[in-house]
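Everything below concerns the one structure shown next.
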Amino acid sequence: MNKRKSYVYKITGIALLAMVITSCSSDDDGDDLGNWVDKSVFDGSPRSSMSGFTIDNVGYMGVGYDGDDYLASFWAYDIEGDYWSQKADFPGAARNAAVGFEIDGTGYIGSGYDGVDELTDFYSYNTASNTWTEIAPLTTARRSAVGFGANGFGYVGTGYDGENDRKDFWKYNPANDSWTELVGFGGNKRRSATTFTIDGLVYLGTGVSNGVYLDDFWVFDPTTESWTKKLDLDEEDDYAVQRSNAVGFALNGYGYIATGELGGATNTVWEYDPVSDEWEQKTSFEGATRQDAIAFSNGSRVFIGMGRTGTLYLDDLDEFFPQDEYEEED
Amino acid sequence: MSSTIKYSVVIVLFLALVFGYSIYNQSATSPSQLFHSEVVDLNDGYGYQIMRGEKVIILQEYIPGLSGKQKFETEEQALKTASLVLSKIEDGESPMLLPSDLVELNISTVVDH
């Protein structure tokens, strides 16, 4: 009888211990700061390689590829209201791997890949009227380029033209609707690189060419249109920033490179401090590992989602709080 | 013997409580997760919103996909468009409305304002 009783106690004890251990396990990997909060509503709307821009408190994003079709639909996410609206369809050929950026309150999407060809055509989006207007095309077709708006101009560079990776940069002037070549980028040719902008300075890094993940890191000053080399992405032994098909964004004076591809999809996140020129690892993206995701930020809040892992196309969206402790249950 | 039985009864009661609570919790949260749609009267036309419980997840003041700010001309048009989007979401499909959907819903005629 006593034996049986102690047996019951033992079983219960082990069960309780197991419960305690599992409930504590999330604290064990909490070495890196940063929390992720699920904001998904788009279950069933997977797409990767979307393009977009953020204007005021609205994240605009569209085009992309869902594994079957190249897409033309275009969406707006209201950051304050936490809801979506489907806006005017992108007027060019449905595509992925295009670039998107903002210049003085107007959005731009162009270049990319329609499943057959790399593309040159470009369009501007007026948020007030919900209308698209075709603008002057890029001189050279490409996909997987980088694009950013700075100081009243748009810049597009690097990428893949269908035969070669590229290192050339082009500057768009909305005042006279024209592109001119911008010389002076000292980095190698590449595709699927990433940028982020802190205090008006544009940082460029990552990307891949001929199977090599590039380790150089650059800053572009739009006022002087000059490029300066920063410390390499593998400067410290414990850095693992190199990758392609990542997303880049800035928040509260820091830059971030998150998710991407490195011989397979990854969900790691690195934070760049422009003052010290150093990188620090943050809590990895909470959802599935992914590449070709999209990130949008209004400067104080940032959201990351969509993308793909292998041939599985993803439909979720998370808000990132880089300075918070990680919580599993949100 | 009797203390073992007592102990077992306490454990069984505890498990029953936990199980019961999880069932109760589920039935309490699932209606609030249901998708539904509402037509929005915009005075000079109609829009719709897709809700999940009390929360708006899609607000459509203009006809999705169309250029400009074209509202639905009738409540019925907004309602049947919202119903199509809702059925896509419930089927686990993308909530995006294609130009072909608008043609099928006879809404493409609203163009040119």
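Convention: chains lettered A, B, ... in structure tokens order; per-chain residue numbering from 1; ligands numbered from 1 as shown.
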Would you give me, as JSON lines, each residue of range 87-119 of chain A having an atom within 12 Å of an atom of range 55-64 of chain B, along with its shortest atom pair and that distance in Å to one decimal, using only C-alpha atoms and sorting by chain and residue number?
```
{"residue": "A:Lys87", "atom": "CA", "partner": "B:Pro64", "partner_atom": "CA", "distance": 5.6}
{"residue": "A:Ala88", "atom": "CA", "partner": "B:Pro64", "partner_atom": "CA", "distance": 6.5}
{"residue": "A:Asp89", "atom": "CA", "partner": "B:Pro64", "partner_atom": "CA", "distance": 8.1}
{"residue": "A:Phe90", "atom": "CA", "partner": "B:Pro64", "partner_atom": "CA", "distance": 11.7}
```
Up to 12 Å from chain A, what residues of chain B turn up? Count only C-alpha atoms and give them as a PDB file with C-alpha atoms, in the first residue's frame.
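Heads up, here's the output in part-v8.pdb:
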```pdb
ATOM      1  CA  MET B   1      -5.533   2.931   1.235  1.00  0.00           C
ATOM      2  CA  SER B   2      -8.120   5.621   1.897  1.00  0.00           C
ATOM      3  CA  SER B   3      -5.539   8.395   1.612  1.00  0.00           C
ATOM      4  CA  THR B   4      -4.444   7.036  -1.786  1.00  0.00           C
ATOM      5  CA  ILE B   5      -8.059   7.122  -2.951  1.00  0.00           C
ATOM      6  CA  LYS B   6      -8.482  10.624  -1.584  1.00  0.00           C
ATOM      7  CA  TYR B   7      -5.318  11.690  -3.361  1.00  0.00           C
ATOM      8  CA  SER B   8      -6.457  10.134  -6.629  1.00  0.00           C
ATOM      9  CA  VAL B  10      -8.141  15.213  -5.889  1.00  0.00           C
ATOM     10  CA  ILE B  11      -5.974  14.626  -8.971  1.00  0.00           C
ATOM     11  CA  VAL B  12      -8.947  13.508 -11.076  1.00  0.00           C
ATOM     12  CA  LEU B  15      -7.626  17.333 -14.225  1.00  0.00           C
ATOM     13  CA  GLN B  33     -12.672  34.890 -33.906  1.00  0.00           C
ATOM     14  CA  PHE B  35     -15.078  36.444 -39.720  1.00  0.00           C
ATOM     15  CA  GLY B  47     -17.853  50.467 -48.786  1.00  0.00           C
ATOM     16  CA  TYR B  48     -17.423  47.447 -46.556  1.00  0.00           C
ATOM     17  CA  GLN B  49     -15.332  46.113 -43.738  1.00  0.00           C
ATOM     18  CA  ILE B  50     -14.290  42.560 -42.971  1.00  0.00           C
ATOM     19  CA  MET B  51     -14.335  41.920 -39.230  1.00  0.00           C
ATOM     20  CA  ARG B  52     -12.900  39.224 -37.027  1.00  0.00           C
ATOM     21  CA  LYS B  55     -11.922  43.865 -34.838  1.00  0.00           C
ATOM     22  CA  VAL B  56     -11.749  45.413 -38.321  1.00  0.00           C
ATOM     23  CA  ILE B  57      -9.155  43.570 -40.412  1.00  0.00           C
ATOM     24  CA  ILE B  58      -9.968  44.947 -43.874  1.00  0.00           C
ATOM     25  CA  LEU B  59     -11.554  48.372 -44.402  1.00  0.00           C
ATOM     26  CA  GLN B  60     -12.541  48.985 -48.004  1.00  0.00           C
ATOM     27  CA  GLU B  61     -13.759  52.514 -48.668  1.00  0.00           C
ATOM     28  CA  TYR B  62     -13.123  52.169 -52.404  1.00  0.00           C
ATOM     29  CA  ILE B  63     -13.608  49.272 -54.789  1.00  0.00           C
ATOM     30  CA  PRO B  64     -10.564  47.014 -54.373  1.00  0.00           C
ATOM     31  CA  GLY B  65      -8.141  46.982 -57.302  1.00  0.00           C
ATOM     32  CA  LEU B  66      -9.708  49.913 -59.160  1.00  0.00           C
ATOM     33  CA  SER B  67      -7.795  53.106 -59.761  1.00  0.00           C
ATOM     34  CA  GLY B  68      -8.961  56.215 -57.934  1.00  0.00           C
ATOM     35  CA  LYS B  69     -11.583  56.514 -55.225  1.00  0.00           C
ATOM     36  CA  GLN B  70     -14.526  54.676 -56.701  1.00  0.00           C
ATOM     37  CA  VAL B  85     -13.882  38.318 -49.986  1.00  0.00           C
ATOM     38  CA  SER B  87     -15.718  33.331 -48.640  1.00  0.00           C
ATOM     39  CA  LYS B  88     -12.121  33.529 -49.906  1.00  0.00           C
ATOM     40  CA  ILE B  89     -10.858  34.069 -46.359  1.00  0.00           C
ATOM     41  CA  GLU B  90     -13.002  31.226 -45.030  1.00  0.00           C
ATOM     42  CA  ASP B  91     -11.642  28.931 -47.765  1.00  0.00           C
ATOM     43  CA  GLY B  92      -8.092  29.807 -46.724  1.00  0.00           C
ATOM     44  CA  GLU B  93      -7.470  31.758 -49.924  1.00  0.00           C
ATOM     45  CA  SER B  94      -6.002  35.201 -50.397  1.00  0.00           C
ATOM     46  CA  PRO B  95      -8.543  37.988 -49.694  1.00  0.00           C
ATOM     47  CA  MET B  96      -7.358  39.801 -52.813  1.00  0.00           C
ATOM     48  CA  LEU B  97     -10.076  40.701 -55.295  1.00  0.00           C
ATOM     49  CA  LEU B  98      -9.062  40.170 -58.925  1.00  0.00           C
ATOM     50  CA  PRO B  99     -10.323  42.180 -61.920  1.00  0.00           C
TER      51      PRO B  99
END
```
Q | DSSP strand (DSSP E) residues within range 44-254 of chain A, listed as number ranges by chain | A | A: 51-55, 58-62, 74-78, 83-87, 99-103, 106-113, 118-126, 131-135, 146-150, 153-160, 165-173, 178-182, 194-198, 201-205, 208-209, 212-213, 217-221, 226-230, 247-251, 254
Q | Separation of CA of Ser124 in chain A from CA of Phe72 in chain B, in Å and rounded to one decimal | A |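 CA of Ser124 in chain A sits 25.4 Å away from CA of Phe72 in chain B.
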Q: Using only C-alpha atoms, determine which residues lie at most 8 Å from Leu79 in chain B, disregarding the query and same-chain residues fewer than 2 positions distant; provide the list as a list in words.
A: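 The neighbour list is Ser37, Glu38, Val39, Tyr48, Glu75, Glu76, Gln77, Thr81, Ala82 and Ser83 of chain B.
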**Q.** Interatomic distance (Å, one decimal) between CA of Gly184 in chain A and CA of Phe169 in chain A
**A.** 8.6 Å
